[in-house]
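J.: Data file work.cif (mmCIF, C-alpha atoms) is appended below.
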data_target
#
loop_
_atom_site.label_atom_id
_atom_site.label_comp_id
_atom_site.auth_asym_id
_atom_site.auth_seq_id
_atom_site.Cartn_x
_atom_site.Cartn_y
_atom_site.Cartn_z
CA MET A 1 125.41 145.13 80.76
CA PRO A 2 126.63 141.60 81.50
CA SER A 3 127.03 140.26 85.02
CA THR A 4 128.76 137.16 86.30
CA ILE A 5 127.95 135.16 89.41
CA LYS A 6 130.64 132.82 90.66
CA VAL A 7 129.79 130.23 93.30
CA ARG A 8 132.23 127.99 95.12
CA VAL A 9 130.58 125.18 97.10
CA MET A 10 133.17 124.10 99.68
CA GLU A 11 131.77 121.80 102.35
CA ALA A 12 128.93 120.97 104.72
CA ARG A 13 128.87 119.93 108.36
CA ASN A 14 126.51 118.54 110.99
CA LEU A 15 124.18 117.03 108.40
CA PRO A 16 121.42 114.74 109.70
CA ILE A 17 121.49 110.99 109.18
CA MET A 18 119.40 110.29 106.09
CA ASP A 19 120.32 106.64 105.43
CA LEU A 20 118.74 104.92 108.40
CA SER A 21 119.71 101.48 107.09
CA SER A 22 123.36 102.40 107.72
CA MET A 23 122.63 102.38 111.46
CA GLN A 24 121.64 98.74 111.52
CA ALA A 25 123.87 96.36 113.47
CA GLY A 26 125.49 99.27 115.29
CA GLY A 27 126.80 101.00 112.17
CA GLN A 28 127.39 104.74 111.90
CA GLY A 29 124.55 106.74 110.39
CA LEU A 30 125.44 108.18 107.00
CA THR A 31 124.28 110.51 104.23
CA ASP A 32 125.03 110.63 100.48
CA ALA A 33 124.90 114.39 100.00
CA TYR A 34 125.11 116.70 97.01
CA VAL A 35 124.24 120.34 96.38
CA ALA A 36 121.78 121.53 93.73
CA LEU A 37 122.07 125.18 92.64
CA LYS A 38 119.38 127.21 90.91
CA PHE A 39 119.33 130.79 89.67
CA ALA A 40 116.78 132.33 87.30
CA GLY A 41 115.72 128.94 85.94
CA VAL A 42 119.27 127.61 85.43
CA ASP A 43 120.10 124.41 87.35
CA LYS A 44 123.51 123.01 88.28
CA GLN A 45 124.71 120.49 90.86
CA THR A 46 127.79 119.08 92.54
CA ARG A 47 128.87 115.45 92.56
CA VAL A 48 127.49 113.14 95.24
CA VAL A 49 129.78 112.71 98.24
CA ARG A 50 128.90 109.36 99.77
CA ARG A 51 128.72 108.00 103.30
CA THR A 52 129.57 111.07 105.38
CA LEU A 53 127.83 113.72 107.48
CA SER A 54 130.56 116.27 106.69
CA PRO A 55 130.99 116.16 102.89
CA ARG A 56 133.60 118.25 101.09
CA PHE A 57 132.79 119.36 97.55
CA ASP A 58 135.23 122.12 96.48
CA GLU A 59 133.43 122.77 93.20
CA ASP A 60 133.03 126.01 91.25
CA PHE A 61 130.03 127.19 89.26
CA ARG A 62 129.30 130.21 87.09
CA PHE A 63 126.08 131.93 86.06
CA GLU A 64 125.99 134.57 83.33
CA VAL A 65 123.29 137.22 83.75
CA VAL A 66 122.00 139.14 80.74
CA ASP A 67 119.19 141.13 82.38
CA ASP A 68 120.74 142.79 85.42
CA ALA A 69 117.36 143.60 86.98
CA VAL A 70 117.04 139.85 87.59
CA LEU A 71 119.74 140.19 90.25
CA GLN A 72 117.36 142.10 92.48
CA ASN A 73 114.36 139.84 91.90
CA GLU A 74 115.84 136.34 91.76
CA PRO A 75 117.79 134.77 94.64
CA LEU A 76 120.38 132.05 94.26
CA GLU A 77 119.07 128.85 95.84
CA LEU A 78 121.34 126.07 97.11
CA ARG A 79 119.65 122.85 98.17
CA VAL A 80 121.49 120.04 99.93
CA LEU A 81 119.93 116.67 99.13
CA ASP A 82 120.50 113.04 100.02
CA HIS A 83 120.94 110.85 96.96
CA ASP A 84 118.73 107.76 96.79
CA VAL A 85 119.06 105.01 94.21
CA TYR A 86 115.55 103.58 94.27
CA SER A 87 113.45 106.58 95.29
CA ALA A 88 113.34 110.36 94.95
CA ASP A 89 116.22 112.24 96.53
CA ASP A 90 115.40 113.64 99.98
CA LEU A 91 115.85 117.31 100.81
CA ILE A 92 118.12 117.98 103.77
CA GLY A 93 117.92 121.77 103.78
CA SER A 94 118.46 124.86 101.67
CA ILE A 95 119.78 128.40 101.73
CA THR A 96 118.97 131.38 99.53
CA VAL A 97 121.38 134.19 98.68
CA ASP A 98 119.85 137.62 98.13
CA PHE A 99 122.04 139.60 95.75
CA ASN A 100 120.68 142.88 97.06
CA GLN A 101 123.22 142.55 99.89
CA LEU A 102 126.05 142.52 97.37
CA LEU A 103 124.49 145.33 95.34
CA GLN A 104 124.20 147.45 98.49
CA ARG A 105 127.89 147.02 99.27
CA TRP A 106 128.86 147.58 95.66
CA SER A 107 126.72 150.65 95.14
CA ALA A 108 128.25 152.37 98.14
CA GLY A 109 131.69 152.53 96.62
CA ASP A 110 131.69 151.70 92.93
CA LEU A 111 128.71 153.51 91.41
CA ASP A 112 128.43 157.22 90.91
CA ASP A 113 125.21 159.16 91.50
CA GLU A 114 123.83 158.11 88.13
CA GLY A 115 124.54 154.41 88.69
CA HIS A 116 127.47 154.25 86.27
CA GLY A 117 130.55 152.15 86.85
CA SER A 118 131.65 148.61 87.53
CA GLY A 119 132.26 146.64 90.68
CA HIS A 120 132.21 143.35 92.49
CA GLY A 121 131.36 141.92 95.89
CA THR A 122 131.63 138.61 97.73
CA LEU A 123 129.70 136.75 100.43
CA GLU A 124 131.51 133.86 102.08
CA GLY A 125 130.98 131.76 105.18
CA TRP A 126 128.95 129.04 106.86
CA PHE A 127 125.21 129.33 106.22
CA PRO A 128 122.54 127.37 108.14
CA LEU A 129 120.54 124.84 106.13
CA TYR A 130 116.83 125.27 106.68
CA ASP A 131 113.95 122.93 105.95
CA THR A 132 110.38 124.26 106.19
CA LEU A 133 109.25 121.14 108.07
CA CYS A 134 112.29 120.09 110.13
CA GLY A 135 113.97 123.43 110.84
CA LEU A 136 117.77 123.78 110.91
CA ARG A 137 119.68 120.77 109.59
CA GLY A 138 123.39 121.51 109.45
CA GLU A 139 125.45 124.15 107.67
CA LEU A 140 126.88 124.75 104.20
CA ARG A 141 130.06 126.69 103.51
CA VAL A 142 129.96 128.62 100.24
CA SER A 143 131.48 131.65 98.56
CA VAL A 144 129.34 133.75 96.21
CA SER A 145 130.79 136.62 94.21
CA LEU A 146 129.08 139.04 91.83
CA ARG A 147 130.84 141.10 89.19
CA VAL A 148 129.29 143.67 86.86
CA ILE A 149 131.37 145.42 84.19
CA GLY A 150 130.23 148.39 82.17
CA ASP A 151 130.80 152.06 81.48
CA VAL A 152 127.10 152.87 81.31
CA ASN A 153 124.33 152.37 83.86
CA PRO A 154 123.63 148.62 83.86
CA PHE A 155 120.62 148.98 86.13
CA SER A 156 118.26 151.19 84.18
CA ASP A 157 115.28 149.18 85.43
CA ALA A 158 116.76 148.42 88.85
CA SER A 159 117.84 150.37 91.90
CA ALA A 160 121.53 149.62 92.35
CA GLY A 161 123.25 152.74 93.63
CA VAL A 162 120.45 153.41 96.14
CA GLN A 163 121.12 152.30 99.70
CA LEU A 164 118.17 151.25 101.86
CA PHE A 165 118.35 151.86 105.61
CA THR A 166 115.74 150.60 108.05
CA VAL A 167 116.73 153.28 110.58
CA PRO A 168 115.20 156.78 110.31
CA THR A 169 118.47 158.63 111.01
CA LEU A 170 122.15 158.02 110.25
CA ALA A 171 125.22 158.57 112.40
CA PRO A 172 126.59 162.00 111.40
CA ASP A 173 130.18 160.79 111.69
CA VAL A 174 129.48 158.12 109.04
CA TYR A 175 127.04 159.78 106.60
CA GLU A 176 126.06 163.35 105.92
CA LEU A 177 122.40 163.93 105.05
CA THR A 178 122.42 166.63 102.38
CA GLU A 179 118.80 166.63 101.19
CA THR A 180 115.47 165.06 102.10
CA LEU A 181 113.30 164.42 99.06
CA GLY A 182 110.09 162.96 100.47
CA LEU A 183 108.13 159.72 100.75
CA VAL A 184 108.52 156.91 98.22
CA ASP A 185 106.30 153.86 98.37
CA GLU A 186 105.08 150.90 96.35
CA LEU A 187 102.10 148.54 96.63
CA LEU A 188 102.26 145.15 94.88
CA VAL A 189 99.93 142.15 94.83
CA ALA A 190 100.72 138.60 93.74
CA ALA A 191 98.59 135.48 93.52
CA ASP A 192 98.96 133.24 96.57
CA PRO A 193 100.00 129.73 95.45
CA GLU A 194 98.59 128.39 98.72
CA PHE A 195 95.10 128.68 97.27
CA GLU A 196 95.67 127.28 93.80
CA TRP A 197 93.72 124.10 93.12
CA ARG A 198 96.77 122.00 92.33
CA ASP A 199 98.17 122.56 95.82
CA THR A 200 95.86 119.82 97.09
CA PHE A 201 98.17 117.35 95.35
CA ARG A 202 101.42 118.78 96.63
CA GLN A 203 103.39 117.69 99.63
CA ALA A 204 103.51 120.08 102.56
CA ARG A 205 107.22 120.81 102.07
CA ALA A 206 106.82 121.64 98.38
CA ARG A 207 103.83 123.88 99.14
CA ASN A 208 105.79 125.75 101.81
CA GLU A 209 108.73 126.27 99.45
CA VAL A 210 106.57 127.60 96.62
CA ARG A 211 104.87 130.10 98.91
CA GLN A 212 108.16 131.15 100.47
CA ALA A 213 109.65 131.81 97.03
CA SER A 214 106.58 133.85 96.02
CA VAL A 215 106.87 136.05 99.11
CA GLN A 216 110.58 136.57 98.55
CA ARG A 217 110.14 137.61 94.93
CA LEU A 218 107.31 139.99 95.78
CA HIS A 219 109.37 141.61 98.51
CA ALA A 220 112.33 141.96 96.14
CA ALA A 221 110.15 143.59 93.49
CA ALA A 222 108.74 146.07 96.02
CA ARG A 223 112.20 146.92 97.31
CA ARG A 224 113.48 147.46 93.78
CA ALA A 225 110.53 149.73 92.95
CA VAL A 226 111.12 151.89 96.04
CA GLY A 227 114.81 152.24 95.19
CA ARG A 228 114.01 153.10 91.59
CA LYS A 229 111.55 155.82 92.68
CA ALA A 230 114.14 157.25 95.06
CA ARG A 231 116.66 157.46 92.23
CA SER A 232 114.10 159.09 89.93
CA ALA A 233 113.55 161.72 92.62
CA GLY A 234 117.29 162.46 92.66
CA GLY A 235 118.16 160.45 95.77
CA ASN A 236 120.79 157.86 96.51
CA ALA A 237 119.37 156.47 99.76
CA VAL A 238 116.11 155.59 101.50
CA LEU A 239 115.76 156.10 105.26
CA GLY A 240 113.22 154.30 107.44
CA TYR A 241 112.67 151.63 104.80
CA TYR A 242 109.97 149.14 105.75
CA CYS A 243 108.03 146.48 103.88
CA GLU A 244 104.70 145.17 105.17
CA LEU A 245 103.55 141.77 103.94
CA ASP A 246 99.94 140.62 104.17
CA LEU A 247 99.67 136.86 103.67
CA GLU A 248 96.01 136.54 104.60
CA GLY A 249 94.34 138.99 102.24
CA ASP A 250 91.54 137.95 99.91
CA SER A 251 93.34 139.44 96.91
CA GLY A 252 96.52 137.38 97.40
CA ILE A 253 99.89 138.25 98.89
CA VAL A 254 100.22 142.00 99.35
CA ALA A 255 103.48 143.90 99.83
CA ARG A 256 103.64 147.59 100.72
CA ALA A 257 107.11 149.10 100.94
CA TYR A 258 107.92 152.69 101.85
CA GLY A 259 110.60 155.02 103.13
CA THR A 260 112.01 158.54 102.82
CA ALA A 261 114.13 159.31 99.78
CA CYS A 262 117.19 161.44 100.45
CA ARG A 263 120.71 162.26 99.36
CA ILE A 264 123.67 161.33 101.55
CA LEU A 265 127.43 161.67 101.45
CA PRO A 266 129.87 159.31 103.20
#
Have the structure of the file written as C-alpha coordinates, please.
T.:
Amino acid sequence: MPSTIKVRVMEARNLPIMDLSSMQAGGQGLTDAYVALKFAGVDKQTRVVRRTLSPRFDEDFRFEVVDDAVLQNEPLELRVLDHDVYSADDLIGSITVDFNQLLQRWSAGDLDDEGHGSGHGTLEGWFPLYDTLCGLRGELRVSVSLRVIGDVNPFSDASAGVQLFTVPTLAPDVYELTETLGLVDELLVAADPEFEWRDTFRQARARNEVRQASVQRLHAAARRAVGRKARSAGGNAVLGYYCELDLEGDSGIVARAYGTACRILP
(Lines of atoms letter the chains of each structure in order from A and count residues from 1; the text may use other names and numbers.)
(Lines give C-alpha, C1' and ligand atoms only; values in the text may rest on other atoms or scores of the structure.)
Protein backbone atom coordinates (compact mmCIF):
# COMPACT_ATOMS: atom_id res chain seq x y z
CA MET A 1 0.00 0.00 0.00
CA PRO A 2 1.24 3.55 -0.63
CA SER A 3 3.19 5.52 1.93
CA THR A 4 4.07 9.20 2.07
CA ILE A 5 7.07 10.81 3.71
CA LYS A 6 6.85 14.53 4.38
CA VAL A 7 9.97 16.45 5.35
CA ARG A 8 10.13 20.05 6.49
CA VAL A 9 13.65 21.49 6.62
CA MET A 10 13.45 24.48 8.96
CA GLU A 11 16.85 25.84 9.96
CA ALA A 12 20.42 25.14 11.02
CA ARG A 13 22.61 26.63 13.72
CA ASN A 14 26.23 26.70 14.87
CA LEU A 15 27.56 25.79 11.43
CA PRO A 16 31.34 25.99 10.94
CA ILE A 17 32.97 28.70 8.86
CA MET A 18 33.48 27.23 5.39
CA ASP A 19 34.37 30.38 3.42
CA LEU A 20 37.73 31.27 4.90
CA SER A 21 38.19 34.16 2.47
CA SER A 22 35.31 35.94 4.23
CA MET A 23 37.53 36.27 7.31
CA GLN A 24 40.14 38.35 5.54
CA ALA A 25 40.59 41.94 6.69
CA GLY A 26 38.72 41.21 9.92
CA GLY A 27 35.48 40.11 8.25
CA GLN A 28 33.02 37.67 9.79
CA GLY A 29 33.41 34.05 8.73
CA LEU A 30 30.52 32.85 6.60
CA THR A 31 28.95 29.80 4.96
CA ASP A 32 26.66 29.41 1.92
CA ALA A 33 24.63 26.45 3.12
CA TYR A 34 21.96 24.24 1.58
CA VAL A 35 20.46 20.86 2.44
CA ALA A 36 20.49 17.85 0.10
CA LEU A 37 17.92 15.11 0.82
CA LYS A 38 18.10 11.53 -0.39
CA PHE A 39 15.76 8.59 0.10
CA ALA A 40 15.79 5.32 -1.86
CA GLY A 41 17.69 6.86 -4.77
CA VAL A 42 15.53 10.01 -5.00
CA ASP A 43 17.41 13.31 -4.55
CA LYS A 44 16.03 16.72 -3.60
CA GLN A 45 17.58 19.89 -2.20
CA THR A 46 16.78 23.26 -0.66
CA ARG A 47 17.84 26.63 -2.00
CA VAL A 48 21.24 28.03 -0.99
CA VAL A 49 21.11 30.44 1.95
CA ARG A 50 24.14 32.68 1.60
CA ARG A 51 26.54 34.30 4.05
CA THR A 52 25.28 33.01 7.39
CA LEU A 53 26.15 30.38 9.99
CA SER A 54 22.48 30.07 11.03
CA PRO A 55 20.54 29.63 7.78
CA ARG A 56 16.75 29.38 7.71
CA PHE A 57 15.19 27.30 4.93
CA ASP A 58 11.52 26.59 5.77
CA GLU A 59 11.05 24.28 2.79
CA ASP A 60 8.82 21.22 2.44
CA PHE A 61 9.54 18.00 0.55
CA ARG A 62 7.56 14.85 -0.18
CA PHE A 63 8.60 11.30 -1.04
CA GLU A 64 6.10 8.72 -2.27
CA VAL A 65 6.93 5.12 -1.34
CA VAL A 66 5.55 2.24 -3.41
CA ASP A 67 7.34 -0.68 -1.74
CA ASP A 68 6.71 -0.28 1.98
CA ALA A 69 9.48 -2.71 2.94
CA VAL A 70 11.90 -0.01 1.76
CA LEU A 71 10.92 2.01 4.82
CA GLN A 72 12.70 -0.46 7.07
CA ASN A 73 15.79 -0.83 4.90
CA GLU A 74 16.42 2.69 3.57
CA PRO A 75 17.08 5.70 5.83
CA LEU A 76 16.39 9.29 4.88
CA GLU A 77 19.69 11.15 4.55
CA LEU A 78 20.00 14.91 4.95
CA ARG A 79 23.36 16.44 4.08
CA VAL A 80 24.22 20.06 4.78
CA LEU A 81 26.73 21.40 2.26
CA ASP A 82 28.56 24.63 1.57
CA HIS A 83 27.98 25.90 -1.96
CA ASP A 84 31.11 26.74 -3.96
CA VAL A 85 31.12 28.44 -7.34
CA TYR A 86 34.45 27.26 -8.70
CA SER A 87 34.92 23.91 -6.96
CA ALA A 88 32.93 20.98 -5.63
CA ASP A 89 30.55 21.76 -2.78
CA ASP A 90 31.98 20.92 0.66
CA LEU A 91 30.16 18.66 3.09
CA ILE A 92 29.47 20.24 6.47
CA GLY A 93 27.69 17.31 8.10
CA SER A 94 24.78 14.93 7.74
CA ILE A 95 22.02 13.17 9.64
CA THR A 96 20.12 9.98 8.85
CA VAL A 97 16.53 9.26 9.89
CA ASP A 98 15.67 5.63 10.58
CA PHE A 99 11.98 5.07 9.86
CA ASN A 100 11.90 2.06 12.14
CA GLN A 101 11.46 4.51 15.02
CA LEU A 102 8.27 5.81 13.45
CA LEU A 103 7.08 2.31 12.57
CA GLN A 104 7.63 1.22 16.18
CA ARG A 105 5.48 4.07 17.49
CA TRP A 106 2.87 3.51 14.81
CA SER A 107 2.65 -0.24 15.23
CA ALA A 108 1.98 0.09 18.94
CA GLY A 109 -1.31 1.86 18.46
CA ASP A 110 -2.54 1.70 14.88
CA LEU A 111 -1.95 -1.86 13.69
CA ASP A 112 -3.85 -4.89 14.82
CA ASP A 113 -2.21 -8.26 15.47
CA GLU A 114 -2.16 -9.07 11.76
CA GLY A 115 -0.55 -5.76 10.78
CA HIS A 116 -3.71 -4.28 9.26
CA GLY A 117 -4.64 -0.63 9.53
CA SER A 118 -3.34 2.83 8.82
CA GLY A 119 -1.38 5.34 10.83
CA HIS A 120 1.14 8.12 10.95
CA GLY A 121 4.01 9.35 13.08
CA THR A 122 6.33 12.35 13.29
CA LEU A 123 9.89 13.06 14.39
CA GLU A 124 10.77 16.70 14.97
CA GLY A 125 13.61 18.56 16.62
CA TRP A 126 17.24 19.63 16.44
CA PHE A 127 19.56 16.89 15.16
CA PRO A 128 23.38 17.03 15.38
CA LEU A 129 25.25 17.21 12.08
CA TYR A 130 28.00 14.63 11.91
CA ASP A 131 30.98 14.37 9.61
CA THR A 132 33.04 11.16 9.60
CA LEU A 133 36.31 13.13 9.61
CA CYS A 134 35.52 16.28 11.62
CA GLY A 135 32.89 15.03 14.09
CA LEU A 136 29.95 17.22 15.15
CA ARG A 137 29.50 20.39 13.10
CA GLY A 138 26.32 22.19 14.13
CA GLU A 139 22.67 21.19 14.21
CA LEU A 140 19.76 20.93 11.77
CA ARG A 141 16.13 21.37 12.73
CA VAL A 142 13.76 19.20 10.72
CA SER A 143 10.35 17.58 10.93
CA VAL A 144 9.80 14.16 9.32
CA SER A 145 6.38 12.55 9.17
CA LEU A 146 5.34 9.17 7.78
CA ARG A 147 1.82 8.21 6.78
CA VAL A 148 0.61 4.84 5.53
CA ILE A 149 -3.00 4.32 4.45
CA GLY A 150 -4.58 0.96 3.74
CA ASP A 151 -7.17 -1.53 4.87
CA VAL A 152 -4.94 -4.54 4.26
CA ASN A 153 -1.51 -5.40 5.64
CA PRO A 154 0.91 -3.07 3.84
CA PHE A 155 3.96 -4.78 5.30
CA SER A 156 3.69 -8.34 4.04
CA ASP A 157 7.47 -8.49 3.58
CA ALA A 158 8.30 -6.27 6.55
CA SER A 159 7.87 -6.38 10.31
CA ALA A 160 5.74 -3.38 11.20
CA GLY A 161 3.46 -4.32 14.06
CA VAL A 162 6.30 -6.08 15.92
CA GLN A 163 7.95 -4.08 18.67
CA LEU A 164 11.62 -4.74 19.43
CA PHE A 165 12.85 -4.30 23.00
CA THR A 166 16.50 -4.53 23.99
CA VAL A 167 15.54 -5.34 27.59
CA PRO A 168 14.77 -8.96 28.55
CA THR A 169 11.73 -8.10 30.70
CA LEU A 170 8.99 -5.45 30.60
CA ALA A 171 7.41 -3.45 33.40
CA PRO A 172 4.21 -5.31 34.34
CA ASP A 173 2.31 -2.06 34.86
CA VAL A 174 3.01 -1.09 31.23
CA TYR A 175 2.87 -4.39 29.29
CA GLU A 176 1.46 -7.80 30.04
CA LEU A 177 3.48 -10.75 28.72
CA THR A 178 0.89 -13.29 27.59
CA GLU A 179 3.02 -15.86 25.75
CA THR A 180 6.68 -16.64 25.11
CA LEU A 181 7.24 -18.19 21.69
CA GLY A 182 10.98 -18.87 21.56
CA LEU A 183 14.20 -17.65 19.94
CA VAL A 184 14.21 -15.86 16.60
CA ASP A 185 17.47 -14.99 14.89
CA GLU A 186 18.97 -14.00 11.55
CA LEU A 187 22.49 -14.10 10.10
CA LEU A 188 23.32 -11.86 7.12
CA VAL A 189 26.54 -11.15 5.24
CA ALA A 190 27.28 -8.24 2.91
CA ALA A 191 30.34 -7.34 0.87
CA ASP A 192 32.58 -4.81 2.62
CA PRO A 193 33.10 -1.78 0.34
CA GLU A 194 36.28 -1.00 2.28
CA PHE A 195 38.05 -3.76 0.37
CA GLU A 196 36.80 -3.08 -3.14
CA TRP A 197 39.54 -2.12 -5.56
CA ARG A 198 38.02 1.22 -6.49
CA ASP A 199 38.26 2.44 -2.90
CA THR A 200 41.92 3.25 -3.52
CA PHE A 201 40.71 6.19 -5.60
CA ARG A 202 38.16 7.48 -3.13
CA GLN A 203 38.61 10.17 -0.55
CA ALA A 204 38.60 9.09 3.07
CA ARG A 205 35.29 10.82 3.80
CA ALA A 206 33.50 9.18 0.86
CA ARG A 207 34.91 5.77 1.83
CA ASN A 208 33.70 6.20 5.41
CA GLU A 209 30.22 7.20 4.25
CA VAL A 210 29.87 4.24 1.89
CA ARG A 211 30.87 1.78 4.59
CA GLN A 212 28.61 3.44 7.15
CA ALA A 213 25.64 3.18 4.78
CA SER A 214 26.41 -0.50 4.12
CA VAL A 215 26.45 -1.29 7.84
CA GLN A 216 23.22 0.58 8.41
CA ARG A 217 21.39 -1.23 5.62
CA LEU A 218 22.64 -4.62 6.76
CA HIS A 219 21.51 -3.94 10.32
CA ALA A 220 18.10 -2.80 9.07
CA ALA A 221 17.69 -5.95 6.99
CA ALA A 222 18.60 -8.16 9.97
CA ARG A 223 16.19 -6.31 12.23
CA ARG A 224 13.40 -6.63 9.69
CA ALA A 225 14.04 -10.37 9.30
CA VAL A 226 13.89 -10.94 13.07
CA GLY A 227 10.61 -9.02 13.32
CA ARG A 228 9.16 -10.92 10.38
CA LYS A 229 10.07 -14.27 11.98
CA ALA A 230 8.50 -13.17 15.25
CA ARG A 231 5.27 -12.31 13.44
CA SER A 232 5.30 -15.64 11.59
CA ALA A 233 5.56 -17.38 14.96
CA GLY A 234 2.46 -15.52 16.15
CA GLY A 235 4.23 -12.83 18.17
CA ASN A 236 3.94 -9.08 18.27
CA ALA A 237 7.15 -8.27 20.17
CA VAL A 238 10.77 -9.35 20.56
CA LEU A 239 12.44 -9.16 23.98
CA GLY A 240 16.20 -8.99 24.52
CA TYR A 241 16.79 -7.92 20.93
CA TYR A 242 20.47 -7.61 20.06
CA CYS A 243 22.41 -7.27 16.83
CA GLU A 244 26.11 -8.17 16.64
CA LEU A 245 28.14 -6.64 13.81
CA ASP A 246 31.49 -8.05 12.70
CA LEU A 247 33.37 -5.55 10.55
CA GLU A 248 36.64 -7.45 10.40
CA GLY A 249 35.57 -10.83 9.05
CA ASP A 250 37.12 -12.34 5.94
CA SER A 251 33.70 -12.91 4.39
CA GLY A 252 32.63 -9.26 4.62
CA ILE A 253 30.37 -7.43 7.05
CA VAL A 254 28.42 -9.90 9.17
CA ALA A 255 25.27 -9.12 11.16
CA ARG A 256 23.67 -11.57 13.59
CA ALA A 257 20.45 -10.41 15.22
CA TYR A 258 18.42 -12.36 17.76
CA GLY A 259 15.83 -12.11 20.50
CA THR A 260 12.87 -13.87 22.09
CA ALA A 261 9.56 -13.72 20.25
CA CYS A 262 6.52 -13.20 22.46
CA ARG A 263 3.03 -11.78 22.66
CA ILE A 264 2.31 -8.75 24.82
CA LEU A 265 -0.68 -6.61 25.72
CA PRO A 266 -0.49 -2.94 26.75
J.: Given the PyMOL selection byres ((chain A and resi 189-196) around 12) and the file above, list the residues it selects as a VMD selection string.
T.: chain A and resid 186 to 188 197 to 219 221 to 222 244 to 257
J.: Give as a ChimeraX atom specification the set of residues within 12 Å of the point (112.7, 151.2, 93.2), where distances use the file's coordinates and all atoms listed in the file.
T.: /A:69,72-73,155-164,184-187,219-233,235-238,241,257-259,261
J.: Expanded to explicit residues, what is the PyMOL selection byres ((chain A and resi 142-144) around 10) for this file, as a PyMOL selection string?
T.: chain A and resi 5-12+58-62+76+78+97+99+102+121-127+139-141+145-146
J.: Nearest to A:Gly93 among A:Val70, A:Arg50, A:Thr260, A:Leu136, with distances taken over only C-alpha atoms: which residue is it?
T.: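 The closest residue to A:Gly93 is A:Leu136.
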J.: Residues picked by the PyMOL selection byres ((chain A and resi 131) around 8) here, as a VMD selection string?
T.: chain A and resid 91 to 94 129 to 130 132 to 137
J.: What box, with edges along x, y and z, holds each listed atom of stretch 164-174 of chain A when 8 Å is added on every side, and can you state its centre and edge lengths in Å to one decimal, as lines of an AutoDock Vina configuration file?
T.:
center_x = 122.7
center_y = 156.3
center_z = 107.1
size_x = 31.0
size_y = 27.4
size_z = 26.5
J.: Counting only C-alpha atoms, what is within 9 Å of A:Glu176, bar same-chain residues fewer than 2 positions away, as a list of chain:residue names?
T.: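 Selected residues are A:Leu170, A:Ala171, A:Pro172, A:Asp173, A:Val174, A:Thr178, A:Arg263, A:Ile264, A:Leu265, A:Pro266.
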J.: Just how far from atom CA of A:Leu239 is atom CA of A:Pro168, in Å to one decimal?
T.: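 Pair atom CA of A:Pro168 / atom CA of A:Leu239 returns 5.1 Å.
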J.: Check the smallest atom-to-atom distance from each of A:Tyr242, A:Phe57, A:Phe39, A:Phe63 to A:Glu77 using only C-alpha atoms, then report the winner.
T.: A:Phe39
J.: Measuring atom to atom with all atoms listed in the file, identify which of A:Gln28, A:Leu20, A:Val80, A:Arg147 is nearest to A:Gln45.
T.: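 Nearest to A:Gln45: A:Val80.
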J.: Between atom CA of A:Ala88 and atom CA of A:Asn14, what is the distance in Å, rounded to a tenth?
T.: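 Between atom CA of A:Ala88 and atom CA of A:Asn14 the gap works out to 22.3 Å.
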J.: Rounded to one decimal place, report the atom CA of A:Val66-atom CA of A:Thr96 distance in Å.
T.: 20.6 Å
J.: Return the single residue from A:Ala40, A:Val65, A:Leu71, A:Leu53 that is closest to A:Ile17, with distances computed using only C-alpha atoms.
T.: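 Checking each of A:Ala40, A:Val65, A:Leu71, A:Leu53 against A:Ile17, counting only C-alpha atoms, the winner is A:Leu53.
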